[in-house]
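File shown: entry-v2.cif. Contents: mmCIF, C-alpha atoms and all ligand atoms.
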```cif
data_work
#
loop_
_atom_site.label_atom_id
_atom_site.label_comp_id
_atom_site.auth_asym_id
_atom_site.auth_seq_id
_atom_site.Cartn_x
_atom_site.Cartn_y
_atom_site.Cartn_z
CA MET A 1 -13.93 1.61 -10.03
CA ARG A 2 -11.58 -0.42 -7.92
CA ILE A 3 -9.31 1.05 -5.25
CA LEU A 4 -6.46 -0.46 -3.24
CA ILE A 5 -5.77 0.91 0.25
CA ILE A 6 -2.32 0.14 1.68
CA GLU A 7 -2.37 1.24 5.31
CA ASP A 8 -1.15 -0.51 8.46
CA ASN A 9 -3.35 1.52 10.81
CA HIS A 10 -6.50 -0.59 10.89
CA ASP A 11 -8.76 2.25 12.04
CA VAL A 12 -7.68 4.55 9.23
CA ALA A 13 -7.93 1.71 6.69
CA ARG A 14 -11.44 0.86 7.88
CA GLN A 15 -12.67 4.47 7.78
CA VAL A 16 -11.26 5.03 4.31
CA ARG A 17 -12.73 1.75 3.12
CA ILE A 18 -16.21 2.57 4.43
CA ALA A 19 -16.11 6.06 2.91
CA LEU A 20 -15.08 4.68 -0.48
CA GLU A 21 -17.63 1.86 -0.40
CA GLU A 22 -20.37 4.39 0.33
CA GLU A 23 -19.36 6.07 -2.93
CA LEU A 24 -19.74 2.68 -4.65
CA TYR A 25 -16.06 1.93 -5.17
CA VAL A 26 -14.81 -1.66 -4.95
CA VAL A 27 -12.12 -1.68 -2.26
CA ASP A 28 -9.24 -4.01 -1.36
CA VAL A 29 -7.08 -3.40 1.72
CA ALA A 30 -3.47 -4.43 2.38
CA ASN A 31 -2.00 -3.88 5.86
CA ASP A 32 1.68 -4.09 5.00
CA GLY A 33 3.90 -2.99 2.15
CA LYS A 34 4.71 -6.41 0.81
CA GLN A 35 1.09 -7.49 0.47
CA GLY A 36 0.24 -4.09 -1.01
CA TRP A 37 3.05 -4.29 -3.54
CA PHE A 38 1.93 -7.79 -4.53
CA LEU A 39 -1.75 -6.82 -4.98
CA GLY A 40 -0.81 -3.76 -7.04
CA ASP A 41 1.47 -5.92 -9.14
CA THR A 42 -1.06 -8.67 -9.84
CA GLU A 43 -4.48 -6.97 -9.75
CA THR A 44 -5.81 -3.99 -11.70
CA TYR A 45 -6.81 -0.88 -9.78
CA ASP A 46 -8.12 2.50 -10.83
CA ALA A 47 -6.29 4.20 -7.96
CA VAL A 48 -4.19 3.35 -4.90
CA ILE A 49 -4.16 5.05 -1.50
CA LEU A 50 -0.71 4.46 -0.07
CA ASP A 51 0.48 5.16 3.45
CA LEU A 52 4.22 5.82 3.47
CA GLY A 53 5.07 4.36 6.90
CA LEU A 54 4.40 0.66 6.44
CA PRO A 55 5.79 -2.55 7.93
CA ILE A 56 7.92 -5.01 5.88
CA LEU A 57 8.22 -2.74 2.84
CA ASP A 58 7.93 1.05 3.21
CA GLY A 59 5.61 3.02 0.94
CA LEU A 60 8.31 4.94 -0.91
CA THR A 61 10.23 1.80 -1.88
CA LEU A 62 7.00 0.09 -2.89
CA LEU A 63 6.04 3.03 -5.13
CA GLN A 64 9.51 3.21 -6.69
CA ARG A 65 9.35 -0.50 -7.52
CA TRP A 66 5.97 -0.18 -9.23
CA ARG A 67 7.12 2.80 -11.27
CA GLN A 68 10.36 1.06 -12.27
CA ASP A 69 8.28 -1.90 -13.41
CA GLY A 70 6.09 0.41 -15.50
CA ASN A 71 3.04 0.25 -13.21
CA LEU A 72 1.48 3.70 -13.67
CA VAL A 73 -1.62 3.29 -11.47
CA PRO A 74 -2.66 6.67 -9.98
CA VAL A 75 -1.32 6.85 -6.41
CA LEU A 76 -2.43 9.12 -3.56
CA ILE A 77 0.11 9.00 -0.74
CA LEU A 78 -0.74 9.56 2.91
CA THR A 79 1.98 11.52 4.69
CA SER A 80 2.51 12.73 8.23
CA ARG A 81 1.52 16.28 9.00
CA ASP A 82 4.11 19.05 8.55
CA THR A 83 6.73 16.94 6.82
CA TRP A 84 7.24 18.58 3.49
CA ARG A 85 10.24 16.33 2.85
CA GLU A 86 8.00 13.27 2.85
CA LYS A 87 5.64 14.87 0.34
CA VAL A 88 8.50 15.84 -1.95
CA ALA A 89 10.08 12.39 -1.72
CA GLY A 90 6.69 10.79 -2.44
CA LEU A 91 6.01 12.96 -5.46
CA ARG A 92 9.53 12.33 -6.79
CA ALA A 93 9.01 8.58 -6.32
CA GLY A 94 6.01 8.81 -8.63
CA ALA A 95 3.00 9.69 -6.46
CA ASP A 96 0.27 11.63 -8.25
CA ASP A 97 -1.02 13.47 -5.19
CA TYR A 98 -0.68 13.51 -1.42
CA LEU A 99 -2.82 13.97 1.64
CA ALA A 100 -1.41 14.80 5.08
CA LYS A 101 -2.72 12.91 8.11
CA PRO A 102 -5.07 13.48 9.80
CA PHE A 103 -7.36 14.23 6.88
CA GLU A 104 -11.05 14.70 6.24
CA LEU A 105 -12.65 11.75 4.46
CA GLU A 106 -14.43 14.18 2.11
CA GLU A 107 -11.09 15.55 0.97
CA MET A 108 -9.74 12.04 0.46
CA LEU A 109 -12.77 11.19 -1.70
CA ALA A 110 -12.41 14.37 -3.75
CA ARG A 111 -8.73 13.66 -4.37
CA VAL A 112 -9.36 10.05 -5.38
CA GLU A 113 -12.13 11.14 -7.77
CA SER A 114 -9.88 13.75 -9.28
CA LEU A 115 -6.99 11.26 -9.70
CA ILE A 116 -9.23 8.81 -11.53
CA ARG A 117 -10.69 11.56 -13.69
CA ARG A 118 -7.28 12.86 -14.69
CA ALA A 119 -5.98 9.35 -15.40
CA SER A 120 -8.85 8.72 -17.80
CA GLY A 121 -8.53 12.16 -19.41
CA HIS A 122 -11.77 13.63 -18.06
CA ALA A 123 -11.65 17.07 -16.47
CA SER A 124 -15.27 17.23 -15.29
CA PRO A 125 -16.85 15.08 -12.54
CA VAL A 126 -19.87 14.58 -14.81
CA LEU A 127 -19.38 11.87 -17.43
CA LYS A 128 -21.70 11.99 -20.42
CA CYS A 129 -22.77 9.70 -23.18
CA GLY A 130 -25.56 11.23 -25.26
CA PRO A 131 -28.58 11.64 -22.93
CA VAL A 132 -26.92 9.66 -20.12
CA GLU A 133 -25.08 11.61 -17.43
CA LEU A 134 -23.13 10.09 -14.58
CA ASP A 135 -22.02 12.40 -11.79
CA THR A 136 -19.00 10.81 -10.09
CA SER A 137 -19.13 13.28 -7.19
CA SER A 138 -22.64 12.26 -6.13
CA ALA A 139 -22.72 8.75 -7.69
CA ARG A 140 -25.96 9.67 -9.49
CA VAL A 141 -27.06 8.78 -12.98
CA THR A 142 -29.62 10.61 -15.08
CA MET A 143 -31.18 9.83 -18.45
CA LYS A 144 -32.53 12.90 -20.30
CA GLY A 145 -32.38 14.71 -16.97
CA HIS A 146 -34.37 12.08 -15.04
CA HIS A 147 -32.77 10.18 -12.17
CA VAL A 148 -32.19 6.47 -12.86
CA ASN A 149 -31.80 4.02 -10.00
CA LEU A 150 -28.85 1.72 -10.54
CA THR A 151 -27.36 -0.95 -8.30
CA ALA A 152 -23.75 -0.45 -7.19
CA GLN A 153 -22.54 -2.96 -9.80
CA GLU A 154 -24.57 -1.37 -12.59
CA TYR A 155 -23.21 2.04 -11.64
CA ARG A 156 -19.61 0.82 -11.64
CA ALA A 157 -20.03 -0.93 -14.99
CA LEU A 158 -21.56 2.17 -16.58
CA GLN A 159 -18.86 4.43 -15.15
CA TYR A 160 -16.13 2.16 -16.46
CA LEU A 161 -17.68 1.95 -19.92
CA ILE A 162 -18.17 5.72 -20.17
CA GLN A 163 -14.61 6.36 -19.01
CA HIS A 164 -13.39 3.96 -21.67
CA GLN A 165 -15.78 5.01 -24.45
CA GLY A 166 -14.46 4.29 -27.89
CA LYS A 167 -12.72 1.14 -26.63
CA VAL A 168 -13.96 -2.43 -26.44
CA VAL A 169 -14.00 -3.58 -22.81
CA SER A 170 -13.75 -7.33 -22.25
CA LYS A 171 -15.93 -9.14 -19.72
CA PRO A 172 -13.01 -10.05 -17.43
CA GLU A 173 -11.78 -6.44 -17.48
CA LEU A 174 -15.23 -5.12 -16.62
CA SER A 175 -15.66 -7.73 -13.92
CA GLU A 176 -12.35 -6.79 -12.28
CA HIS A 177 -13.53 -3.22 -11.89
CA ILE A 178 -16.97 -3.93 -10.48
CA TYR A 179 -16.62 -6.89 -8.12
CA GLU A 180 -14.57 -7.49 -4.98
CA GLN A 181 -11.58 -9.77 -5.28
CA GLU A 182 -13.24 -12.64 -3.41
CA VAL A 183 -16.38 -12.66 -5.55
CA GLU A 184 -16.48 -15.47 -8.06
CA ARG A 185 -16.70 -13.87 -11.47
CA ASP A 186 -19.10 -15.51 -13.85
CA SER A 187 -19.39 -14.06 -17.35
CA ASN A 188 -23.17 -14.72 -17.38
CA VAL A 189 -23.53 -12.35 -14.44
CA ILE A 190 -21.92 -9.61 -16.53
CA GLU A 191 -24.33 -10.30 -19.41
CA VAL A 192 -27.31 -10.02 -17.07
CA LEU A 193 -25.95 -6.81 -15.62
CA ILE A 194 -25.37 -5.27 -19.05
CA ASN A 195 -28.93 -6.18 -20.03
CA HIS A 196 -30.27 -4.47 -16.92
CA LEU A 197 -28.33 -1.35 -17.86
CA ARG A 198 -29.73 -1.45 -21.40
CA ASN A 199 -33.27 -1.82 -20.05
CA LYS A 200 -32.89 0.99 -17.55
CA LEU A 201 -31.15 3.41 -19.91
CA ASP A 202 -31.24 2.75 -23.64
CA PRO A 203 -31.31 -0.63 -25.43
CA GLU A 204 -28.75 0.67 -27.94
CA LEU A 205 -26.37 2.26 -25.45
CA ILE A 206 -24.06 -0.71 -24.87
CA GLN A 207 -23.13 -2.76 -27.89
CA THR A 208 -21.88 -6.32 -27.78
CA ARG A 209 -18.72 -7.09 -29.72
CA ARG A 210 -18.90 -10.84 -30.18
CA GLY A 211 -16.02 -12.66 -28.53
CA LEU A 212 -14.42 -9.37 -27.46
CA GLY A 213 -16.69 -7.63 -25.00
CA TYR A 214 -18.72 -4.45 -24.84
CA GLN A 215 -18.46 -1.03 -26.32
CA LEU A 216 -20.47 2.09 -25.66
CA LYS A 217 -22.20 3.40 -28.76
CA GLU A 218 -20.65 6.61 -30.03
CA CYS A 219 -21.42 9.39 -27.56
CA ASP A 220 -22.08 13.01 -28.39
CA GLY A 221 -20.23 15.18 -25.93
CA GLY A 222 -17.64 12.51 -25.23
CA PRO A 223 -13.95 13.27 -24.84
CA CA B 301 1.59 3.80 8.89
#
```
Translate this structure into structure tokens?
Amino acid sequence: MRILIIEDNHDVARQVRIALEEELYVVDVANDGKQGWFLGDTETYDAVILDLGLPILDGLTLLQRWRQDGNLVPVLILTSRDTWREKVAGLRAGADDYLAKPFELEEMLARVESLIRRASGHASPVLKCGPVELDTSSARVTMKGHHVNLTAQEYRALQYLIQHQGKVVSKPELSEHIYEQEVERDSNVIEVLINHLRNKLDPELIQTRRGLGYQLKECDGGP
């Protein structure tokens, strides 16, 4: 899962980034509104954390522009404490949720998780595909109840595939959601990664659709 943080306070941006990376998210950071708007317009994110007070382009205007352009990425806005007007304006501009500063990182993580879950139509933090269970709140994966050790990339790929079960996911799409922007994306790397997942979980779990990408085999207990 890939998250964009748009925040001009470098300390806050760094703390949020570290907390998200510890939960295995891929994170990009923009320090002003213009750069943030551009990244959100050109890259694909699973959620955005948006500070409202930003240099060059303020957060509300940025959000309104995305929504007018049909960009429906889930957005969590960061507002100042005790300013209900800001929260209302943010929600009316198209924010999905808000968090008042200062906030606990745990709460931020819970809200981001919940945004992503809702956007993909899952109500529970535990994603299932047959005997495979992925708990997004603890970043743990089990197979028939036994813990399976996955690398961060393997975990992200599996999470993305389970959240998009029933659909064919192309290699570039998968790659965008599991690697940082600056990493060179090689389609062979994705193939190797998918093979590792098959070996660790179930050889039949992820099916190759020639020339199109990958699809999870039909899951019992899916959405
Ligand atoms: Ca600010």
Environment of ligand CA 301 (chain B) within 8 Å, counting all atoms listed in the file, reported as a PyMOL selection string: chain A and resi 7-9+51-55
For the residues in that selection, give me C-alpha atoms as a tab-separated table (two decimals), keeping the file's coordinate frame.
```tsv
chain	number	residue	atom	x	y	z
A	7	GLU	CA	-2.37	1.24	5.31
A	8	ASP	CA	-1.15	-0.51	8.46
A	9	ASN	CA	-3.35	1.52	10.81
A	51	ASP	CA	0.48	5.16	3.45
A	52	LEU	CA	4.22	5.82	3.47
A	53	GLY	CA	5.07	4.36	6.90
A	54	LEU	CA	4.40	0.66	6.44
A	55	PRO	CA	5.79	-2.55	7.93
```
Compile the contact shell of Gly213 of chain A as a PDB file with C-alpha atoms, in the frame of the given file: residues with an atom at most 7 Å away, counting only C-alpha atoms, same-chain residues fewer than 6 positions apart removed.
```pdb
ATOM      1  CA  VAL A 168     -13.960  -2.430 -26.440  1.00  0.00           C
ATOM      2  CA  VAL A 169     -14.000  -3.580 -22.810  1.00  0.00           C
ATOM      3  CA  SER A 170     -13.750  -7.330 -22.250  1.00  0.00           C
ATOM      4  CA  LYS A 171     -15.930  -9.140 -19.720  1.00  0.00           C
TER       5      LYS A 171
END
```
So which residues touch Ser138 of chain A within 10 Å, counting only C-alpha atoms, skipping near sequence neighbours fewer than 4 positions away, as a count of residues only? 4
Which residues, written as a ChimeraX atom specification, have at least one atom at most 7 Å from Ile178 of chain A, with all atoms listed in the file counted and residues fewer than 5 positions away on the same chain left out? /A:1-2,26,153,156-157
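With all atoms listed in the file as the atoms that count, the minimum distance from Ile190 of chain A to the choices A:Ala123, A:Cys219, A:Leu158, A:Ile6 is reached by A:Leu158.
Counting all atoms listed in the file and comparing A:Leu60, A:Ala30, A:Arg81, A:Asp69, the residue that lies closest to Ala95 of chain A is A:Leu60.
In terms of minimum interatomic distance to Gln165 of chain A, A:Ser120 ranks closest within A:Ser120, A:Asn199, A:Thr136, A:Gln64, counting only C-alpha atoms.
For the atom pair formed by atom CA of Glu191 of chain A and atom CA of Gln163 of chain A, the distance is 19.3 Å, given to one decimal.
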Interatomic distance (Å, one decimal) between atom CA of Asn71 of chain A and atom CA of Gly59 of chain A: 14.6 Å
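We find atom CA of Leu4 of chain A and atom CA of Leu50 of chain A to be spaced 8.2 Å apart.
Checking A:Asp28, A:Pro172, A:Ala47, A:Gly94 one by one against Val112 of chain A, counting only C-alpha atoms, you find the shortest gap at A:Ala47.
Nearest-residue note for Ile206 of chain A: choosing from A:Ala152, A:Val73, A:Leu62, A:Cys129, the minimum distance belongs to A:Cys129, counting all atoms listed in the file.
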Which is closer to Val189 of chain A than all the others in A:Leu174, A:Thr61, A:Asp202, A:Glu107, using only C-alpha atoms? A:Leu174
